[in-house]
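The file data13.txt comes next; it holds compact mmCIF, C-alpha atoms.
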# COMPACT_ATOMS: atom_id res chain seq x y z
CA MET A 1 1.05 -9.20 -17.54
CA SER A 2 -1.79 -9.43 -15.00
CA GLU A 3 -1.20 -11.12 -11.68
CA ARG A 4 -2.76 -14.57 -11.38
CA LYS A 5 -5.60 -14.98 -8.90
CA TYR A 6 -5.67 -18.24 -6.98
CA SER A 7 -8.80 -20.00 -5.78
CA ALA A 8 -9.26 -20.78 -2.08
CA LYS A 9 -8.38 -24.45 -2.71
CA GLU A 10 -5.23 -23.53 -4.63
CA LYS A 11 -4.16 -21.15 -1.87
CA THR A 12 -4.66 -23.85 0.77
CA ARG A 13 -2.74 -26.43 -1.27
CA LEU A 14 0.22 -24.10 -1.92
CA ALA A 15 0.34 -22.96 1.71
CA GLN A 16 0.27 -26.50 3.05
CA ARG A 17 2.91 -27.78 0.63
CA VAL A 18 5.48 -25.11 1.46
CA THR A 19 4.71 -25.43 5.16
CA LEU A 20 5.19 -29.22 5.10
CA ILE A 21 8.58 -28.82 3.42
CA GLY A 22 9.58 -26.25 6.01
CA MET A 23 8.37 -28.46 8.86
CA VAL A 24 10.47 -31.45 7.73
CA LEU A 25 13.51 -29.18 7.44
CA ASP A 26 12.88 -27.69 10.90
CA ILE A 27 12.56 -31.09 12.58
CA LEU A 28 15.75 -32.43 10.96
CA LEU A 29 17.72 -29.32 11.87
CA GLY A 30 16.28 -29.22 15.39
CA VAL A 31 17.24 -32.83 16.14
CA ALA A 32 20.75 -32.36 14.71
CA LYS A 33 21.40 -29.11 16.59
CA ILE A 34 20.24 -30.46 19.96
CA ILE A 35 22.23 -33.70 19.66
CA ILE A 36 25.42 -32.01 18.47
CA GLY A 37 24.97 -29.09 20.89
CA THR A 38 24.67 -31.54 23.80
CA LEU A 39 27.77 -33.43 22.70
CA VAL A 40 29.94 -30.29 22.49
CA HIS A 41 28.27 -28.60 25.53
CA SER A 42 27.03 -25.64 23.46
CA VAL A 43 24.04 -23.97 25.12
CA ALA A 44 23.69 -21.68 22.11
CA LEU A 45 23.49 -24.57 19.66
CA VAL A 46 20.93 -26.38 21.84
CA ALA A 47 18.93 -23.15 22.08
CA ASP A 48 19.10 -22.82 18.32
CA GLY A 49 17.78 -26.39 18.06
CA ILE A 50 14.84 -25.45 20.27
CA HIS A 51 14.29 -22.47 17.99
CA SER A 52 14.13 -24.86 15.02
CA PHE A 53 11.57 -26.99 16.87
CA SER A 54 9.56 -23.85 17.59
CA ASP A 55 9.50 -23.30 13.82
CA ALA A 56 8.21 -26.85 13.40
CA ILE A 57 5.45 -26.15 15.95
CA THR A 58 4.63 -23.02 13.99
CA ASP A 59 4.45 -25.06 10.80
CA ILE A 60 2.00 -27.54 12.38
CA MET A 61 -0.22 -24.66 13.52
CA VAL A 62 -0.05 -23.08 10.08
CA LEU A 63 -1.15 -26.37 8.49
CA VAL A 64 -4.17 -26.63 10.77
CA ILE A 65 -5.09 -22.95 10.63
CA THR A 66 -4.79 -22.55 6.85
CA ARG A 67 -7.06 -25.53 6.34
CA TYR A 68 -9.74 -24.35 8.77
CA SER A 69 -9.54 -20.58 8.34
CA ARG A 70 -10.11 -20.77 4.58
CA GLN A 71 -13.41 -22.65 4.83
CA GLU A 72 -16.46 -20.98 3.35
CA PRO A 73 -18.75 -18.90 5.62
CA ASP A 74 -21.50 -20.84 7.40
CA GLU A 75 -24.45 -20.03 9.68
CA GLU A 76 -22.27 -19.73 12.78
CA HIS A 77 -19.56 -17.75 11.00
CA PRO A 78 -21.30 -15.66 8.31
CA TYR A 79 -18.18 -13.50 7.75
CA GLY A 80 -15.91 -16.53 7.36
CA HIS A 81 -13.31 -18.26 9.55
CA GLU A 82 -10.29 -16.00 9.02
CA ARG A 83 -10.06 -14.94 12.65
CA PHE A 84 -9.19 -18.49 13.68
CA GLU A 85 -5.93 -17.73 11.90
CA THR A 86 -5.59 -14.59 14.02
CA LEU A 87 -6.24 -16.51 17.26
CA GLY A 88 -3.71 -19.17 16.28
CA THR A 89 -1.10 -16.52 15.57
CA ILE A 90 -1.62 -14.96 19.01
CA PHE A 91 -1.16 -18.37 20.64
CA LEU A 92 1.96 -18.98 18.57
CA GLY A 93 3.46 -15.63 19.49
CA SER A 94 2.77 -16.15 23.19
CA THR A 95 4.39 -19.61 23.08
CA LEU A 96 7.51 -18.20 21.44
CA ILE A 97 7.81 -15.46 24.09
CA ALA A 98 7.58 -18.08 26.87
CA ILE A 99 10.23 -20.27 25.20
CA ALA A 100 12.50 -17.27 24.74
CA GLY A 101 12.18 -16.30 28.40
CA ALA A 102 13.11 -19.78 29.59
CA MET A 103 16.11 -19.91 27.25
CA ALA A 104 17.39 -16.49 28.29
CA TRP A 105 17.03 -17.32 32.01
CA ASP A 106 18.95 -20.59 31.68
CA SER A 107 21.69 -18.88 29.67
CA MET A 108 22.13 -16.11 32.25
CA ILE A 109 22.41 -18.68 35.04
CA ARG A 110 25.14 -20.50 33.10
CA LEU A 111 26.92 -17.22 32.38
CA VAL A 112 26.89 -16.19 36.06
CA ASN A 113 28.03 -19.63 37.22
CA GLY A 114 30.74 -19.83 34.59
CA ASN A 115 29.54 -23.14 33.17
CA SER A 116 30.00 -22.21 29.52
CA ILE A 117 32.59 -24.76 28.45
CA VAL A 118 32.16 -25.44 24.74
CA GLU A 119 34.00 -28.10 22.76
CA VAL A 120 34.36 -26.63 19.30
CA SER A 121 34.21 -29.18 16.50
CA ALA A 122 33.86 -29.23 12.74
CA LEU A 123 30.53 -31.06 13.23
CA ALA A 124 29.07 -28.22 15.31
CA ILE A 125 30.26 -25.58 12.86
CA GLY A 126 28.96 -27.68 9.95
CA ILE A 127 25.44 -27.97 11.35
CA ALA A 128 25.35 -24.22 12.04
CA VAL A 129 26.36 -23.46 8.43
CA THR A 130 23.84 -26.02 7.12
CA SER A 131 21.11 -24.38 9.21
CA ILE A 132 21.93 -20.93 7.84
CA ILE A 133 21.75 -22.13 4.23
CA GLY A 134 18.63 -24.30 4.74
CA LYS A 135 16.64 -21.70 6.68
CA GLU A 136 17.50 -18.90 4.28
CA TRP A 137 16.29 -21.07 1.39
CA ILE A 138 12.98 -21.96 3.09
CA PHE A 139 12.53 -18.29 4.05
CA ARG A 140 12.74 -17.16 0.42
CA TYR A 141 10.59 -20.05 -0.82
CA THR A 142 7.85 -19.43 1.79
CA LEU A 143 7.89 -15.67 1.27
CA ASN A 144 7.47 -16.13 -2.48
CA ILE A 145 4.40 -18.36 -1.99
CA ALA A 146 3.04 -16.01 0.70
CA HIS A 147 3.12 -13.03 -1.69
CA LYS A 148 1.51 -15.10 -4.46
CA ILE A 149 -1.48 -16.11 -2.33
CA LYS A 150 -1.43 -12.94 -0.18
CA SER A 151 -1.15 -14.75 3.16
CA ASN A 152 -0.05 -12.72 6.17
CA LEU A 153 0.26 -15.91 8.21
CA LEU A 154 2.72 -17.39 5.71
CA ILE A 155 4.66 -14.12 5.61
CA ALA A 156 4.97 -14.29 9.40
CA ASN A 157 6.03 -17.92 9.20
CA ALA A 158 8.64 -17.05 6.58
CA TRP A 159 10.16 -14.39 8.82
CA HIS A 160 10.12 -16.89 11.66
CA SER A 161 12.33 -19.07 9.47
CA ARG A 162 14.57 -16.08 8.75
CA SER A 163 14.93 -15.53 12.52
CA ASP A 164 16.21 -19.10 12.81
CA ALA A 165 18.78 -18.40 10.10
CA ILE A 166 19.89 -15.26 11.95
CA SER A 167 20.14 -17.12 15.24
CA SER A 168 22.29 -19.76 13.51
CA VAL A 169 24.63 -16.99 12.37
CA VAL A 170 24.90 -15.85 16.00
CA VAL A 171 25.58 -19.44 17.13
CA LEU A 172 28.29 -19.83 14.48
CA ILE A 173 29.99 -16.68 15.77
CA ALA A 174 29.76 -18.03 19.32
CA LEU A 175 31.30 -21.36 18.33
CA LEU A 176 34.16 -19.66 16.53
CA GLY A 177 34.62 -17.32 19.51
CA SER A 178 34.81 -20.27 21.89
CA GLY A 179 37.53 -21.77 19.73
CA LEU A 180 39.47 -18.54 20.22
CA GLY A 181 39.29 -18.86 24.01
CA LEU A 182 36.11 -16.86 24.65
CA PRO A 183 33.65 -19.54 25.96
CA TRP A 184 31.33 -16.97 27.54
CA LEU A 185 30.30 -15.94 24.03
CA ASP A 186 28.18 -19.12 23.87
CA ALA A 187 25.93 -18.07 26.76
CA VAL A 188 25.73 -14.51 25.44
CA ALA A 189 24.76 -15.85 22.01
CA ALA A 190 22.02 -17.99 23.60
CA CYS A 191 20.59 -14.84 25.23
CA ILE A 192 20.64 -13.07 21.86
CA VAL A 193 18.84 -16.01 20.22
CA GLY A 194 16.24 -15.86 23.01
CA PHE A 195 15.74 -12.17 22.37
CA LEU A 196 15.23 -12.81 18.64
CA ILE A 197 12.60 -15.47 19.38
CA ALA A 198 10.81 -13.17 21.84
CA LYS A 199 10.83 -10.31 19.32
CA ILE A 200 9.25 -12.45 16.61
CA GLY A 201 6.70 -13.80 19.11
CA TRP A 202 5.75 -10.32 20.27
CA GLU A 203 5.33 -8.98 16.74
CA LEU A 204 3.16 -11.93 15.72
CA ALA A 205 0.97 -11.67 18.82
CA TRP A 206 0.66 -7.87 18.83
CA ASP A 207 -0.28 -7.59 15.14
CA SER A 208 -2.95 -10.26 15.63
CA ILE A 209 -4.31 -8.62 18.78
CA LYS A 210 -4.78 -5.41 16.78
CA VAL A 211 -6.83 -7.40 14.25
CA LEU A 212 -9.04 -8.90 16.99
CA VAL A 213 -9.85 -5.46 18.47
CA ASP A 214 -10.85 -4.17 15.01
CA THR A 215 -7.88 -1.86 14.48
CA ALA A 216 -8.25 0.08 11.24
CA PRO A 217 -5.81 -0.21 8.33
CA SER A 218 -3.18 2.49 7.97
CA PRO A 219 -4.40 6.06 7.26
CA GLU A 220 -2.69 5.84 3.87
CA GLU A 221 -4.65 2.72 2.86
CA THR A 222 -7.92 4.15 4.17
CA LYS A 223 -7.33 7.29 2.10
CA MET A 224 -6.85 5.11 -0.98
CA PHE A 225 -10.28 3.56 -0.35
CA HIS A 226 -11.75 7.05 0.14
CA ASP A 227 -10.28 8.35 -3.13
CA VAL A 228 -11.59 5.42 -5.20
CA ILE A 229 -15.09 5.88 -3.74
CA LEU A 230 -15.12 9.65 -4.27
CA ALA A 231 -13.99 9.24 -7.90
CA THR A 232 -17.11 7.17 -8.68
CA ASP A 233 -19.65 9.03 -10.82
CA GLY A 234 -22.69 10.07 -8.77
CA VAL A 235 -20.93 10.16 -5.39
CA LYS A 236 -20.97 13.72 -4.04
CA ASN A 237 -19.19 13.00 -0.77
CA VAL A 238 -18.00 10.20 1.51
CA HIS A 239 -18.34 10.03 5.27
CA SER A 240 -18.35 7.51 8.12
CA LEU A 241 -15.78 5.38 6.26
CA ARG A 242 -14.76 2.58 8.63
CA CYS A 243 -12.50 -0.38 7.95
CA ARG A 244 -11.37 -3.37 10.00
CA HIS A 245 -9.43 -6.53 9.39
CA MET A 246 -10.87 -10.03 9.14
CA GLY A 247 -7.73 -12.15 9.02
CA GLU A 248 -5.85 -11.01 5.94
CA GLU A 249 -8.89 -9.30 4.41
CA ILE A 250 -10.79 -6.09 5.13
CA LEU A 251 -14.40 -5.34 5.99
CA LEU A 252 -15.50 -1.87 4.90
CA ASP A 253 -18.49 0.27 5.96
CA VAL A 254 -19.21 3.58 4.27
CA HIS A 255 -21.88 6.27 3.85
CA LEU A 256 -22.23 7.56 0.28
CA GLN A 257 -23.75 10.99 -0.23
CA VAL A 258 -25.63 11.31 -3.52
CA ALA A 259 -27.89 13.95 -5.08
CA PRO A 260 -30.97 14.25 -2.83
CA ALA A 261 -33.64 14.07 -5.57
CA ILE A 262 -32.53 10.92 -7.41
CA SER A 263 -34.51 7.68 -7.21
CA VAL A 264 -33.82 4.93 -4.70
CA SER A 265 -32.80 2.59 -7.51
CA GLU A 266 -30.30 5.09 -8.93
CA GLY A 267 -28.75 5.55 -5.50
CA HIS A 268 -28.52 1.78 -5.13
CA GLN A 269 -26.87 1.47 -8.54
CA ILE A 270 -24.26 4.07 -7.56
CA GLY A 271 -23.52 1.97 -4.48
CA LEU A 272 -23.08 -1.15 -6.62
CA VAL A 273 -20.61 0.68 -8.88
CA VAL A 274 -18.65 1.82 -5.80
CA CYS A 275 -18.37 -1.82 -4.67
CA LYS A 276 -17.25 -2.90 -8.15
CA ASN A 277 -14.57 -0.19 -8.32
CA LEU A 278 -13.23 -1.02 -4.85
CA ARG A 279 -13.01 -4.75 -5.53
CA GLU A 280 -11.27 -4.19 -8.87
CA LYS A 281 -8.67 -1.99 -7.18
CA PHE A 282 -8.25 -3.89 -3.89
CA ASP A 283 -8.69 -7.65 -4.03
CA HIS A 284 -8.23 -8.03 -0.25
CA ILE A 285 -11.56 -6.33 0.51
CA LYS A 286 -13.86 -9.13 1.71
CA ASP A 287 -17.14 -7.32 2.38
CA ILE A 288 -18.56 -3.83 1.71
CA THR A 289 -21.57 -2.37 3.49
CA TYR A 290 -22.73 0.95 2.06
CA HIS A 291 -25.43 3.37 3.14
CA ILE A 292 -26.91 5.84 0.65
CA ASP A 293 -27.36 9.35 2.07
CA ALA A 294 -29.07 12.37 0.54
CA GLU A 295 -26.94 14.61 2.75
CA ASP A 296 -24.07 14.45 5.21
CA ASP A 297 -25.91 13.11 8.26
CA ASP A 298 -22.93 12.56 10.55
CA HIS A 299 -24.14 15.20 13.02
CA TYR A 300 -27.50 13.43 13.27
CA HIS A 301 -25.74 10.40 14.72
CA ASP A 302 -24.32 12.39 17.62
CA LYS A 303 -25.62 10.74 20.81
CA LYS A 304 -25.98 14.11 22.53
CA SER A 305 -27.81 16.05 19.82
CA GLY A 306 -29.37 13.10 18.04
CA SER A 307 -31.87 13.56 15.20
CA ARG A 308 -35.52 14.53 15.16
CA ASN A 309 -38.13 11.80 15.18
CA LEU A 310 -39.50 12.70 11.77
CA PRO A 311 -42.83 11.10 10.73
CA LEU A 312 -42.96 8.54 7.93
CA ARG A 313 -45.36 8.59 4.97
CA LYS A 314 -48.11 6.66 6.77
CA ASP A 315 -48.29 9.48 9.33
CA VAL A 316 -47.52 12.37 6.97
CA MET A 317 -50.23 11.75 4.38
CA PRO A 318 -53.31 11.80 6.68
CA ILE A 319 -52.10 15.09 8.19
CA LEU A 320 -51.50 16.70 4.79
CA LYS A 321 -54.86 15.56 3.44
CA GLU A 322 -56.61 17.03 6.43
CA LYS A 323 -54.90 20.41 6.08
CA TRP A 324 -54.61 20.68 2.29
CA SER A 325 -57.83 19.11 1.01
CA PRO A 326 -59.52 22.54 0.61
CA PHE A 327 -56.85 23.44 -1.97
CA LEU A 328 -55.89 20.10 -3.51
CA ASN A 329 -57.62 17.12 -5.09
CA PHE A 330 -55.28 14.39 -3.79
CA SER A 331 -56.54 11.93 -6.42
CA GLU A 332 -54.68 14.05 -9.00
CA VAL A 333 -51.55 14.66 -6.94
CA SER A 334 -48.31 12.70 -6.59
CA VAL A 335 -46.50 13.39 -3.34
CA LYS A 336 -42.76 12.88 -2.92
CA LEU A 337 -41.15 13.17 0.49
CA HIS A 338 -37.53 14.21 0.96
CA TYR A 339 -35.91 13.90 4.37
CA LEU A 340 -33.32 16.68 4.26
CA ASN A 341 -31.91 19.19 6.76
CA ASN A 342 -33.68 17.34 9.57
CA SER A 343 -37.09 18.12 8.10
CA VAL A 344 -39.63 16.64 5.67
CA GLN A 345 -39.53 18.48 2.35
CA ILE A 346 -42.38 17.88 -0.09
CA ASP A 347 -42.65 17.86 -3.89
CA LEU A 348 -46.22 17.99 -5.20
CA MET A 349 -46.73 16.87 -8.79
CA ILE A 350 -50.23 17.98 -9.85
CA ASN A 351 -52.08 16.70 -12.91
CA ALA A 352 -52.66 19.81 -15.00
CA ASN A 353 -55.44 18.14 -17.03
CA GLY A 354 -54.29 19.92 -20.16
CA LYS A 355 -54.28 23.41 -18.71
CA LYS A 356 -51.20 25.55 -18.29
CA ALA A 357 -50.46 26.72 -14.80
CA ASP A 358 -48.50 29.96 -14.55
CA ASP A 359 -46.09 31.02 -11.81
CA ILE A 360 -48.74 33.18 -10.17
CA GLU A 361 -51.03 30.19 -9.63
CA LYS A 362 -48.12 28.08 -8.37
CA GLY A 363 -47.13 30.80 -5.96
CA TRP A 364 -50.68 31.28 -4.71
CA LEU A 365 -51.14 27.55 -4.09
CA THR A 366 -47.75 27.23 -2.38
CA ASN A 367 -48.55 30.12 -0.03
CA LYS A 368 -51.91 28.56 0.86
CA LEU A 369 -50.30 25.20 1.62
CA VAL A 370 -47.55 26.77 3.74
CA SER A 371 -50.08 28.82 5.68
CA ALA A 372 -52.39 25.85 6.30
CA SER A 373 -49.52 23.74 7.69
CA SER A 374 -47.57 26.40 9.60
CA ASP A 375 -48.02 24.48 12.86
CA LEU A 376 -46.09 21.44 11.56
CA ASP A 377 -42.60 22.01 12.93
CA TRP A 378 -41.21 19.04 10.99
CA LEU A 379 -42.36 20.39 7.61
CA GLY A 380 -39.67 21.90 5.40
CA GLN A 381 -39.74 23.31 1.89
CA ILE A 382 -42.80 22.76 -0.34
CA LYS A 383 -42.46 22.67 -4.13
CA VAL A 384 -45.39 22.56 -6.55
CA TRP A 385 -45.14 21.13 -10.06
CA TYR A 386 -47.71 20.72 -12.81
CA SER A 387 -47.62 17.96 -15.42
CA GLU A 388 -49.86 16.40 -18.04
CA GLU A 389 -50.07 13.18 -16.04
CA ALA A 390 -49.20 12.75 -12.38
CA VAL A 391 -48.73 9.24 -11.03
CA ARG A 392 -49.86 8.66 -7.47
CA GLU A 393 -47.38 6.95 -5.13

Do you think you could lay out the structure here as structure tokens?
Amino acid sequence: MSERKYSAKEKTRLAQRVTLIGMVLDILLGVAKIIIGTLVHSVALVADGIHSFSDAITDIMVLVITRYSRQEPDEEHPYGHERFETLGTIFLGSTLIAIAGAMAWDSMIRLVNGNSIVEVSALAIGIAVTSIIGKEWIFRYTLNIAHKIKSNLLIANAWHSRSDAISSVVVLIALLGSGLGLPWLDAVAACIVGFLIAKIGWELAWDSIKVLVDTAPSPEETKMFHDVILATDGVKNVHSLRCRHMGEEILLDVHLQVAPAISVSEGHQIGLVVCKNLREKFDHIKDITYHIDAEDDDHYHDKKSGSRNLPLRKDVMPILKEKWSPFLNFSEVSVKLHYLNNSVQIDLMINANGKKADDIEKGWLTNKLVSASSDLDWLGQIKVWYSEEAVRE
């Protein structure tokens, strides 16, 4: 059974619905934890409440970002708006790290001063258990939707919810420990919760920073792209394959080496088939830019060695006519230029006018042409062909 593909509007609607549900849950849990934590003097439970509010802040950002980042490309953003999602994630991660630092500092002060006096109650334990169950449920629900619509931001938000569930487990242990006469466990647990928040914040921010600086996908994924391209009929080799992220999607640039003597339109068609094959195999590829090469020209792009400034047809033809007119009637000749091996190679298709030209005549004419143009250092191989009808280019 094939996997369903969702439209941009469907993805936005699903993302916003699950995020709204999660936000309501986070706010309710955050309020309950802070109130109950204050009543029983549990720093860890208050810290866990702040963690829940941080999830709610995340949810608000996700609502805004998913709506804006999935808009269609426009004149100012021709590649789309996905990187607004990346920027929002960096801001979110940085905020979480700052919150975690403040929580950890306050908890260490309380631990040093010995102010960790916790009144254990069934209400405090009950809200911790409720938080564990609620956050684990919203984690699984959000992760399921995230995989359906292939949203990295939702996946990150789901794991943020999972971190809240984990921190609630730590708080529950601290509360039970305090009931056993170990009140310092509360402050230690608050430090652990702070560390968990900071870890999530760092991972969110760092992954998004790598996207902003055009970090490539993994070598394994890049090789998968390479293999699909190389398996396309007509592609002789692949080089200068570069990939970068645009939000959750990938932009791909590639040079395709094809047979040097094929037509421009055939080379273009091979490129179109490469794009089709890639998009069928990888639906997260947003844009493909391909360059058709007659040879591997990577070394020509070296800034130190560079490539020769080879003349174009408008400059080549007057020179050839001047040197070859004694041997050729250019009104009956079709000239094809091939830019290979850093030189201009030439195919001459001559109208035979019904006569048969043997190899001796071809060889004689070729030698004359080579001799007459021996001073042209950009000129490469010359091939002579005879046909019943030559079409001038």

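Between CA of Ile382 in chain A and CA of Glu266 in chain A lies a distance of 23.3 Å.
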
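We find CA of His51 in chain A and CA of Leu180 in chain A to be spaced 25.6 Å apart.
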
*Pick out the residues sitting within 9 Å of range 156-169 of chain A, and hand them over as a VMD selection string; count all atoms listed in the file, and ignore anything fewer than 4 positions along from it in its own chain.*
chain A and resid 19 22 26 44 to 45 48 51 to 52 55 58 to 59 62 89 128 to 129 131 to 136 138 to 143 146 151 to 152 173 to 174 189 to 190 192 to 194 196 to 197 200 to 201 204

Let me see the file: selected residues, C-alpha atoms, as a CSV table (one decimal), in the coordinates of the input.
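That gives us again_16.csv:
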chain,number,residue,atom,x,y,z
A,19,THR,CA,4.7,-25.4,5.2
A,22,GLY,CA,9.6,-26.2,6.0
A,26,ASP,CA,12.9,-27.7,10.9
A,44,ALA,CA,23.7,-21.7,22.1
A,45,LEU,CA,23.5,-24.6,19.7
A,48,ASP,CA,19.1,-22.8,18.3
A,51,HIS,CA,14.3,-22.5,18.0
A,52,SER,CA,14.1,-24.9,15.0
A,55,ASP,CA,9.5,-23.3,13.8
A,58,THR,CA,4.6,-23.0,14.0
A,59,ASP,CA,4.4,-25.1,10.8
A,62,VAL,CA,0.0,-23.1,10.1
A,89,THR,CA,-1.1,-16.5,15.6
A,128,ALA,CA,25.4,-24.2,12.0
A,129,VAL,CA,26.4,-23.5,8.4
A,131,SER,CA,21.1,-24.4,9.2
A,132,ILE,CA,21.9,-20.9,7.8
A,133,ILE,CA,21.8,-22.1,4.2
A,134,GLY,CA,18.6,-24.3,4.7
A,135,LYS,CA,16.6,-21.7,6.7
A,136,GLU,CA,17.5,-18.9,4.3
A,138,ILE,CA,13.0,-22.0,3.1
A,139,PHE,CA,12.5,-18.3,4.0
A,140,ARG,CA,12.7,-17.2,0.4
A,141,TYR,CA,10.6,-20.0,-0.8
A,142,THR,CA,7.8,-19.4,1.8
A,143,LEU,CA,7.9,-15.7,1.3
A,146,ALA,CA,3.0,-16.0,0.7
A,151,SER,CA,-1.2,-14.8,3.2
A,152,ASN,CA,0.0,-12.7,6.2
A,173,ILE,CA,30.0,-16.7,15.8
A,174,ALA,CA,29.8,-18.0,19.3
A,189,ALA,CA,24.8,-15.8,22.0
A,190,ALA,CA,22.0,-18.0,23.6
A,192,ILE,CA,20.6,-13.1,21.9
A,193,VAL,CA,18.8,-16.0,20.2
A,194,GLY,CA,16.2,-15.9,23.0
A,196,LEU,CA,15.2,-12.8,18.6
A,197,ILE,CA,12.6,-15.5,19.4
A,200,ILE,CA,9.2,-12.4,16.6
A,201,GLY,CA,6.7,-13.8,19.1
A,204,LEU,CA,3.2,-11.9,15.7

*Please indicate the distance in Å from CA of Leu92 in chain A to CA of Leu251 in chain A, rounded to one decimal place.*
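Separation between CA of Leu92 in chain A and CA of Leu251 in chain A: 24.7 Å.
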
*Closest to Val170 in chain A among A:Ala47, A:Trp202, A:Val213, A:Ala259, using all atoms listed in the file?*
A:Ala47

Write out as a CSV table (one decimal) with C-alpha atoms, in the coordinates of the input the residues lying within 9 Å of Pro217 in chain A, counting only C-alpha atoms and excluding same-chain residues fewer than 6 positions away.
chain,number,residue,atom,x,y,z
A,243,CYS,CA,-12.5,-0.4,8.0
A,244,ARG,CA,-11.4,-3.4,10.0
A,245,HIS,CA,-9.4,-6.5,9.4
A,250,ILE,CA,-10.8,-6.1,5.1

*Which residues come within 12 Å of Ile319 in chain A, counting all atoms listed in the file, excluding same-chain residues fewer than 4 positions away, as a ChimeraX atom specification?*
/A:311-315,323-325,372-373,375-376,378-379

Selection file, C-alpha atoms, as a PDB file, keeping the file's coordinate frame:
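Result written to again_32.pdb:
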ATOM      1  CA  PRO A 311     -42.830  11.100  10.730  1.00  0.00           C
ATOM      2  CA  LEU A 312     -42.960   8.540   7.930  1.00  0.00           C
ATOM      3  CA  ARG A 313     -45.360   8.590   4.970  1.00  0.00           C
ATOM      4  CA  LYS A 314     -48.110   6.660   6.770  1.00  0.00           C
ATOM      5  CA  ASP A 315     -48.290   9.480   9.330  1.00  0.00           C
ATOM      6  CA  LYS A 323     -54.900  20.410   6.080  1.00  0.00           C
ATOM      7  CA  TRP A 324     -54.610  20.680   2.290  1.00  0.00           C
ATOM      8  CA  SER A 325     -57.830  19.110   1.010  1.00  0.00           C
ATOM      9  CA  ALA A 372     -52.390  25.850   6.300  1.00  0.00           C
ATOM     10  CA  SER A 373     -49.520  23.740   7.690  1.00  0.00           C
ATOM     11  CA  ASP A 375     -48.020  24.480  12.860  1.00  0.00           C
ATOM     12  CA  LEU A 376     -46.090  21.440  11.560  1.00  0.00           C
ATOM     13  CA  TRP A 378     -41.210  19.040  10.990  1.00  0.00           C
ATOM     14  CA  LEU A 379     -42.360  20.390   7.610  1.00  0.00           C
TER      15      LEU A 379
END
